[in-house]
Each structure stands twice: as C-alpha cells, then as structure tokens.
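Just below is one structure, and these are the notes that go with it.
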Number of protein chains: 4
Amino acid sequence: MAKVDNPRAVAGDNSGTEQAATKFAKDALKALVERIERLEDEKSSIAQDIKDVYAEAKGNGYDVKVLRKLIAMRKRDQNELTEEMTILETYAHALGMGVFG
Amino acid sequence: MAKVDNPRAVAGDNSGTEQAATKFAKDALKALVERIERLEDEKSSIAQDIKDVYAEAKGNGYDVKVLRKLIAMRKRDQNELTEEMTILETYAHALGMGVFG
Amino acid sequence: MAKVDNPRAVAGDNSGTEQAATKFAKDALKALVERIERLEDEKSSIAQDIKDVYAEAKGNGYDVKVLRKLIAMRKRDQNELTEEMTILETYAHALGMGVFG
Amino acid sequence: MAKVDNPRAVAGDNSGTEQAATKFAKDALKALVERIERLEDEKSSIAQDIKDVYAEAKGNGYDVKVLRKLIAMRKRDQNELTEEMTILETYAHALGMGVFG
DNA sequence: TACATTTAGTGTCGAC
DNA sequence: GTCGACACTAAATGTA
C-alpha cells in the first residue's frame, strides 16, 4: 500500500524548537493537497454531467459519436482543420483511395 | 453504424409544413451542443484553476511534480483498496466459496 | 500491496487427500497465467515496433497524425464511413457551419 | 498544425521531370503504410490468441474476469513497487535530504 | 521539442 | 437484441 497517512513523514524532523514550525508546514501541505483534491472533485463531477447529457441525447435519438466529432470540430482552428483535411486527401490520393472523390 | 432513429430531428428539409418542426429540431440541436460546450467550458475553467494552484504552490517552494505524485497516490490508494476487496470476493466466488467463508 | 505471491491462496484447502489435486490445480493456473503473460509480452513488443516505425516516419517528414487517420480509415467499412460523414455534414449544416461547403 | 516539411513526399504533381520522383514518393508512402498494417496484423493476431486462451480457460471452468484481474494485478504490482521507491526518493529529495539519509 | 503520463473515446464483451 | 460495463486504443497535457 502506497498511501501516506502520516504527514510526519514529510517533516523529517520533529525535535526541539522545530516542532511548531513543522506543524505549520504540515498543516499548510495538508490544506494545499485538500484544496487541489476539492477542485479535482468538481472537475470529475462536471465530466460526469457531460456524460449524462450525452446519454440523454442518445435517448432522444441523437448519434452520440457524431455529436462528439461535431463539437470537437467546433473547437478546432479552421485553418488547421482544412489544412489537415487537405493533406489527408493528398495522402489518400497517393494511395489510390477514392474516399474524397 | 451512424444510427439516427429520427432523421427528422436534424433534417435540412425546409419545405411545406415541415418548416416549424425543422426549426425546432435545429434549435434543439443547437441548444444541446451549446449546453455541452458550456459544461466543457466549466471543466476547462476548473482545470485551469488547478494549474493555477500548482503554480502558486511552486511559487511557495513546493515541488509540483512531487505534489502531483502524492495526490495521484492518494486517489489511487482508495481505488486499490476497494479493488483488492473486490477481487478477493470475486476470487472467493470463483472458487465456489461462500462470502469469505 | 495487491500481489498474489502465494498460489496456495487460490486453493483454499490443502488438507487430506486433496493435496495432490490442489497442487495440480495450482500448477494449471500458474501455467495458464504465464502463458497469457507471454502472449501479452509479444503483443507489447509489436506495439513498440509500431511506435518505432511512426517515429521513423516522422523523422522522414511524414505527418504522423494524418498517417494514423489514414490507416484507421482504410480499416473501416466504406458504407459506414460515408454514412457517418453524411450525418456529420447534416448536423454541421443544421448548426450553420460551413466546413463542408 | 498538420506539418509536412517535405511536401514533395506526397505531392500529386506528375508533370515534367517530377514524375519519377513522385512515383518514388508514392511508393514510399505505400510501403510505409503497408509496413504498419502488417505489424498491426501481427498485433491483432496475438490479441486474438490471447482471446482464444481466455476462451479455452473459460471452457475449463476458469472465471475469465477474475483471471484478467489477477494478471492486471501482477503487472501493476511491479510498477507500484518501483513507483513507490521513486516517490520515496523524490520526496526525500524535495525535502533536501540526502539519499535516504 | 520530444517524451511520458494521464485522460478521453471507441470497440467488445457479457447480461438481461 | 439492446443495454451497460470493461478493456484497449488514441489524443491531450505536462515535464524535462
């Protein structure tokens, strides 16, 4: 098991007058970690929401795969998109594929 | 297969009395897409927040790479724990044993 | 740690005249597992070869991303491909995107 | 960006003295694609072998799902072990400690 | 910039 | 036959 249950492991030194400072350091680290974990929870939650929306859309007859492609395309730079399609056609043509006419 | 049970949902046909229905369908698609994009924006926003927190932590002298590892480990350990219980049960079942009996 | 070092754990019963049979069962399981792991090693090895070829191609000026797309397209059923493109165009048109003309 | 340092490699231009060079480029692309496809065939073949082994195991009364979990665990445990050592070292370093001391 | 890790998407399998 | 879960593959991100 790899979990670090004991923050003391981080401190390295609990002797003498360092105790208070060490405790502060431990608390700060703990707060930091928990702050990040809270944000990651939120992110996961929204990711789940997105999945739910797609599932609902599927129930309404939409083609989810195509929806995803569509949204991905809307995100991408137009120039890049057309350029990529161009080179894809070029390659396809070089191989004698007729997909793009 | 790119299935569409109800092609009318996104049909380009605007003739006759279909106009209103088509418009509704278009609006529905538009609303759906924008809803997803809004959620993805939120997700990206939170991802950005996380990056900011890491950057701030780095400014405070934390080792970001180590932080990431730590958090990943904390996340994974829970999964491992539950997975280990799962496989134990599963394994017991596969051998025809009663629940841990 | 989740590793099952001791196959005896699988047996559940080593008493009496069951010992020999249990040993056979253990050996059979061990052989099975190792057989699968050997095959997975081979698979990983070839996967690595493929990565190497792509890297080499990249060094020769090929666009790896496009190459992957191209090869993926060659694998897919033509009817499915064109149908998916059709519906994608339909959706895109409904949203007023001009990508496909 | 779909970069192509050497567009000549796949150019469709067949005019003048470029013909021979173009043909070479086409052949090179074709050879490359087929080489990758051959490797992918091998990979698929082995993947199929693995599936067959699992199917055979299932026929012999093994619980395939459990088998998969077992094998995944065996693979992961090695990684975890080494990862745990890595993070320990990393962590020690982040705290300014000498190597484990 | 190239590499490695992590995350999303796609295809496959088993259950109902 | 459809639905949902799992595993695998491919893309994106972050780091050195």
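Please note that chains go A, B, ... in the order of the structure tokens, that every chain numbers its residues from 1, and that ligands are numbered from 1 in the order shown.
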For chain B against chain A, which residues fall within 10 Å using only C-alpha atoms, given as a PDB file with C-alpha atoms, in the first residue's frame?
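Result file follows (result36.pdb):
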ATOM      1  CA  MET B   1     -23.295   2.486 -37.857  1.00  0.00           C
ATOM      2  CA  ALA B   2     -24.254   6.120 -37.535  1.00  0.00           C
ATOM      3  CA  LYS B   3     -27.784   5.494 -36.431  1.00  0.00           C
ATOM      4  CA  VAL B   4     -30.447   8.141 -36.410  1.00  0.00           C
ATOM      5  CA  ASP B   5     -33.790   6.782 -35.458  1.00  0.00           C
ATOM      6  CA  ASN B   6     -35.490  10.043 -36.127  1.00  0.00           C
ATOM      7  CA  PRO B   7     -33.814  11.697 -39.095  1.00  0.00           C
ATOM      8  CA  ALA B   9     -34.546  15.707 -35.880  1.00  0.00           C
ATOM      9  CA  VAL B  10     -31.822  17.275 -37.935  1.00  0.00           C
ATOM     10  CA  LEU B  29     -29.603  20.557 -31.646  1.00  0.00           C
ATOM     11  CA  LEU B  32     -27.824  20.616 -26.941  1.00  0.00           C
ATOM     12  CA  VAL B  33     -24.470  21.465 -28.435  1.00  0.00           C
ATOM     13  CA  GLU B  34     -24.217  24.717 -26.546  1.00  0.00           C
ATOM     14  CA  ARG B  35     -25.156  23.011 -23.319  1.00  0.00           C
ATOM     15  CA  ILE B  36     -22.334  20.550 -23.747  1.00  0.00           C
ATOM     16  CA  GLU B  37     -19.926  23.278 -24.708  1.00  0.00           C
ATOM     17  CA  ARG B  38     -20.864  25.248 -21.633  1.00  0.00           C
ATOM     18  CA  LEU B  39     -20.150  22.264 -19.420  1.00  0.00           C
ATOM     19  CA  GLU B  40     -16.850  21.727 -21.160  1.00  0.00           C
ATOM     20  CA  ASP B  41     -16.002  25.349 -20.568  1.00  0.00           C
ATOM     21  CA  GLU B  42     -16.638  24.891 -16.883  1.00  0.00           C
ATOM     22  CA  LYS B  43     -14.494  21.832 -16.856  1.00  0.00           C
ATOM     23  CA  SER B  44     -11.668  23.650 -18.595  1.00  0.00           C
ATOM     24  CA  SER B  45     -12.044  26.506 -16.171  1.00  0.00           C
ATOM     25  CA  ILE B  46     -11.583  24.232 -13.202  1.00  0.00           C
ATOM     26  CA  ALA B  47      -8.655  22.545 -14.881  1.00  0.00           C
ATOM     27  CA  ASP B  49      -7.786  26.671 -11.537  1.00  0.00           C
ATOM     28  CA  ILE B  50      -5.910  23.526 -10.669  1.00  0.00           C
ATOM     29  CA  LYS B  51      -2.996  24.620 -12.776  1.00  0.00           C
ATOM     30  CA  VAL B  53      -2.951  26.335  -7.618  1.00  0.00           C
ATOM     31  CA  TYR B  54       0.021  24.258  -8.649  1.00  0.00           C
ATOM     32  CA  ALA B  57       2.379  26.190  -4.776  1.00  0.00           C
ATOM     33  CA  TYR B  62       6.677  23.183  -3.246  1.00  0.00           C
ATOM     34  CA  LEU B  67       2.715  17.109  -5.212  1.00  0.00           C
ATOM     35  CA  ARG B  68       1.129  15.570  -8.269  1.00  0.00           C
ATOM     36  CA  LEU B  70       1.261  12.482  -3.832  1.00  0.00           C
ATOM     37  CA  ILE B  71      -2.234  13.359  -4.918  1.00  0.00           C
ATOM     38  CA  ALA B  72      -2.269  10.651  -7.540  1.00  0.00           C
ATOM     39  CA  MET B  73      -1.233   8.155  -4.905  1.00  0.00           C
ATOM     40  CA  ARG B  74      -3.958   9.258  -2.516  1.00  0.00           C
ATOM     41  CA  LYS B  75      -6.503   8.821  -5.267  1.00  0.00           C
ATOM     42  CA  ARG B  76      -5.186   5.504  -6.402  1.00  0.00           C
ATOM     43  CA  ASP B  77      -4.951   4.023  -2.962  1.00  0.00           C
ATOM     44  CA  GLN B  78      -8.679   4.231  -2.462  1.00  0.00           C
ATOM     45  CA  GLU B  80      -6.737  -0.145  -4.930  1.00  0.00           C
ATOM     46  CA  LEU B  81      -8.232  -0.788  -1.575  1.00  0.00           C
TER      47      LEU B  81
END
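A straight line drawn from CA of Thr86 in chain C to C1' of DA11 in chain F is 24.2 Å long.
In this structure, CA of Ala94 in chain C sits 10.9 Å away from CA of Phe24 in chain B.
The shell of residues at most 10 Å from range 3-5 of chain F, with only C-alpha atoms (C1' of nucleotides) counted and near chain neighbours (fewer than 6 positions) removed, consists of DC13, DG14, DA15 and DC16 of chain E.
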Could you dump the residues just selected with N, CA, C and O atoms (P, O5', C5', C4', C3', O3' and C1' of nucleotides) as a tab-separated table (two decimals), in the first residue's frame?
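The file below, result.tsv, is the result:
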chain	number	residue	atom	x	y	z
E	13	DC	P	-15.06	-9.59	-28.49
E	13	DC	O5'	-15.68	-10.07	-27.12
E	13	DC	C5'	-14.98	-9.79	-25.89
E	13	DC	C4'	-15.97	-9.61	-24.77
E	13	DC	C3'	-17.04	-10.69	-24.72
E	13	DC	O3'	-16.78	-11.57	-23.63
E	13	DC	C1'	-17.94	-8.50	-24.37
E	14	DG	P	-17.67	-12.90	-23.53
E	14	DG	O5'	-18.73	-12.44	-22.43
E	14	DG	C5'	-18.27	-11.93	-21.17
E	14	DG	C4'	-19.44	-11.34	-20.40
E	14	DG	C3'	-20.60	-12.31	-20.15
E	14	DG	O3'	-21.07	-12.13	-18.82
E	14	DG	C1'	-21.39	-10.38	-21.26
E	15	DA	P	-22.24	-13.05	-18.30
E	15	DA	O5'	-23.44	-12.00	-18.18
E	15	DA	C5'	-23.26	-10.83	-17.35
E	15	DA	C4'	-24.54	-10.02	-17.27
E	15	DA	C3'	-25.79	-10.83	-16.91
E	15	DA	O3'	-26.63	-10.02	-16.08
E	15	DA	C1'	-26.09	-9.81	-19.02
E	16	DC	P	-27.88	-10.68	-15.34
E	16	DC	O5'	-29.13	-10.01	-16.05
E	16	DC	C5'	-29.18	-8.58	-16.21
E	16	DC	C4'	-30.30	-8.23	-17.19
E	16	DC	C3'	-31.59	-9.01	-16.96
E	16	DC	O3'	-32.67	-8.09	-16.88
E	16	DC	C1'	-30.91	-9.20	-19.23
**Message:** Taking only C-alpha atoms (C1' of nucleotides) into account and nothing else, which residues of chain F lie no more than 12 Å away from chain B? Please answer as JSON, numbers by chain.
**Reply:** {"F": [13, 14, 15, 16]}
Produce a file of the selected residues containing all heavy atoms, as an mmCIF file, in the first residue's frame.
data_model
loop_
_atom_site.group_PDB
_atom_site.id
_atom_site.type_symbol
_atom_site.label_atom_id
_atom_site.label_comp_id
_atom_site.auth_asym_id
_atom_site.auth_seq_id
_atom_site.Cartn_x
_atom_site.Cartn_y
_atom_site.Cartn_z
ATOM 1 P P DT F 13 -5.334 19.666 -24.103
ATOM 2 O OP1 DT F 13 -6.530 20.401 -23.729
ATOM 3 O OP2 DT F 13 -4.481 20.125 -25.226
ATOM 4 O "O5'" DT F 13 -4.412 19.545 -22.803
ATOM 5 C "C5'" DT F 13 -4.793 18.647 -21.766
ATOM 6 C "C4'" DT F 13 -3.575 18.237 -20.987
ATOM 7 O "O4'" DT F 13 -2.771 17.333 -21.769
ATOM 8 C "C3'" DT F 13 -2.643 19.408 -20.628
ATOM 9 O "O3'" DT F 13 -2.612 19.505 -19.219
ATOM 10 C "C2'" DT F 13 -1.275 18.989 -21.177
ATOM 11 C "C1'" DT F 13 -1.428 17.507 -21.378
ATOM 12 N N1 DT F 13 -0.591 16.918 -22.459
ATOM 13 C C2 DT F 13 0.332 15.952 -22.135
ATOM 14 O O2 DT F 13 0.510 15.562 -20.994
ATOM 15 N N3 DT F 13 1.033 15.449 -23.198
ATOM 16 C C4 DT F 13 0.918 15.816 -24.526
ATOM 17 O O4 DT F 13 1.603 15.292 -25.394
ATOM 18 C C5 DT F 13 -0.074 16.831 -24.803
ATOM 19 C C7 DT F 13 -0.287 17.290 -26.202
ATOM 20 C C6 DT F 13 -0.762 17.325 -23.768
ATOM 21 P P DG F 14 -1.980 20.824 -18.512
ATOM 22 O OP1 DG F 14 -2.952 21.249 -17.486
ATOM 23 O OP2 DG F 14 -1.566 21.758 -19.572
ATOM 24 O "O5'" DG F 14 -0.674 20.272 -17.797
ATOM 25 C "C5'" DG F 14 -0.675 18.934 -17.307
ATOM 26 C "C4'" DG F 14 0.741 18.449 -17.105
ATOM 27 O "O4'" DG F 14 1.249 17.877 -18.338
ATOM 28 C "C3'" DG F 14 1.737 19.535 -16.703
ATOM 29 O "O3'" DG F 14 2.618 19.008 -15.719
ATOM 30 C "C2'" DG F 14 2.472 19.835 -18.010
ATOM 31 C "C1'" DG F 14 2.511 18.444 -18.629
ATOM 32 N N9 DG F 14 2.678 18.410 -20.084
ATOM 33 C C8 DG F 14 2.045 19.192 -21.014
ATOM 34 N N7 DG F 14 2.397 18.921 -22.252
ATOM 35 C C5 DG F 14 3.314 17.902 -22.115
ATOM 36 C C6 DG F 14 4.047 17.205 -23.106
ATOM 37 O O6 DG F 14 4.030 17.347 -24.336
ATOM 38 N N1 DG F 14 4.888 16.242 -22.538
ATOM 39 C C2 DG F 14 5.002 15.992 -21.193
ATOM 40 N N2 DG F 14 5.856 15.044 -20.830
ATOM 41 N N3 DG F 14 4.325 16.642 -20.266
ATOM 42 C C4 DG F 14 3.498 17.576 -20.793
ATOM 43 P P DT F 15 3.731 19.934 -15.041
ATOM 44 O OP1 DT F 15 3.610 19.765 -13.594
ATOM 45 O OP2 DT F 15 3.696 21.284 -15.642
ATOM 46 O "O5'" DT F 15 5.083 19.220 -15.506
ATOM 47 C "C5'" DT F 15 5.166 17.799 -15.381
ATOM 48 C "C4'" DT F 15 6.485 17.306 -15.948
ATOM 49 O "O4'" DT F 15 6.438 17.276 -17.394
ATOM 50 C "C3'" DT F 15 7.693 18.171 -15.580
ATOM 51 O "O3'" DT F 15 8.760 17.312 -15.203
ATOM 52 C "C2'" DT F 15 8.004 18.935 -16.862
ATOM 53 C "C1'" DT F 15 7.567 17.943 -17.934
ATOM 54 N N1 DT F 15 7.135 18.558 -19.216
ATOM 55 C C2 DT F 15 7.563 18.011 -20.407
ATOM 56 O O2 DT F 15 8.282 17.039 -20.464
ATOM 57 N N3 DT F 15 7.098 18.650 -21.539
ATOM 58 C C4 DT F 15 6.281 19.754 -21.583
ATOM 59 O O4 DT F 15 5.937 20.242 -22.652
ATOM 60 C C5 DT F 15 5.868 20.275 -20.303
ATOM 61 C C7 DT F 15 4.978 21.465 -20.249
ATOM 62 C C6 DT F 15 6.309 19.657 -19.199
ATOM 63 P P DA F 16 10.007 17.897 -14.434
ATOM 64 O OP1 DA F 16 10.176 17.150 -13.183
ATOM 65 O OP2 DA F 16 9.940 19.367 -14.417
ATOM 66 O "O5'" DA F 16 11.173 17.445 -15.422
ATOM 67 C "C5'" DA F 16 11.143 16.124 -15.964
ATOM 68 C "C4'" DA F 16 12.103 16.035 -17.142
ATOM 69 O "O4'" DA F 16 11.515 16.670 -18.299
ATOM 70 C "C3'" DA F 16 13.440 16.732 -16.905
ATOM 71 O "O3'" DA F 16 14.480 15.956 -17.486
ATOM 72 C "C2'" DA F 16 13.285 18.070 -17.620
ATOM 73 C "C1'" DA F 16 12.371 17.696 -18.777
ATOM 74 N N9 DA F 16 11.513 18.784 -19.251
ATOM 75 C C8 DA F 16 10.823 19.689 -18.485
ATOM 76 N N7 DA F 16 10.127 20.547 -19.190
ATOM 77 C C5 DA F 16 10.367 20.185 -20.501
ATOM 78 C C6 DA F 16 9.917 20.703 -21.727
ATOM 79 N N6 DA F 16 9.099 21.753 -21.831
ATOM 80 N N1 DA F 16 10.359 20.096 -22.846
ATOM 81 C C2 DA F 16 11.183 19.043 -22.744
ATOM 82 N N3 DA F 16 11.665 18.481 -21.654
ATOM 83 C C4 DA F 16 11.216 19.095 -20.555
#
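Put simply, CA of Asp52 in chain C is 20.4 Å away from C1' of DA12 in chain F.
Residue nearest chain E, chosen from C:Ile87, C:Gln19, C:Met97, C:Gly59 and counting only C-alpha atoms (C1' of nucleotides): C:Gly59.
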**Item:** DSSP alpha helix (DSSP H) selection over range 8-76 of chain A, as JSON, numbers by chain
**Value:** {"A": [8, 9, 10, 11, 18, 19, 20, 21, 22, 23, 24, 25, 26, 27, 28, 29, 30, 31, 32, 33, 34, 35, 36, 37, 38, 39, 40, 41, 42, 43, 44, 45, 46, 47, 48, 49, 50, 51, 52, 53, 54, 55, 56, 57, 58, 59, 64, 65, 66, 67, 68, 69, 70, 71, 72, 73, 74, 75]}
Could the residues of chain E that have an atom at most 12 Å from chain A be listed as CSV, each with its closest atom pair and the distance in Å to one decimal, counting only C-alpha atoms (C1' of nucleotides) and ordered by chain and ascending residue number?
residue,atom,partner,partner_atom,distance
E:DT7,C1',A:Ala47,CA,11.1
E:DA8,C1',A:Ala47,CA,10.3
E:DG9,C1',A:Lys65,CA,9.0
E:DT10,C1',A:Lys65,CA,9.1
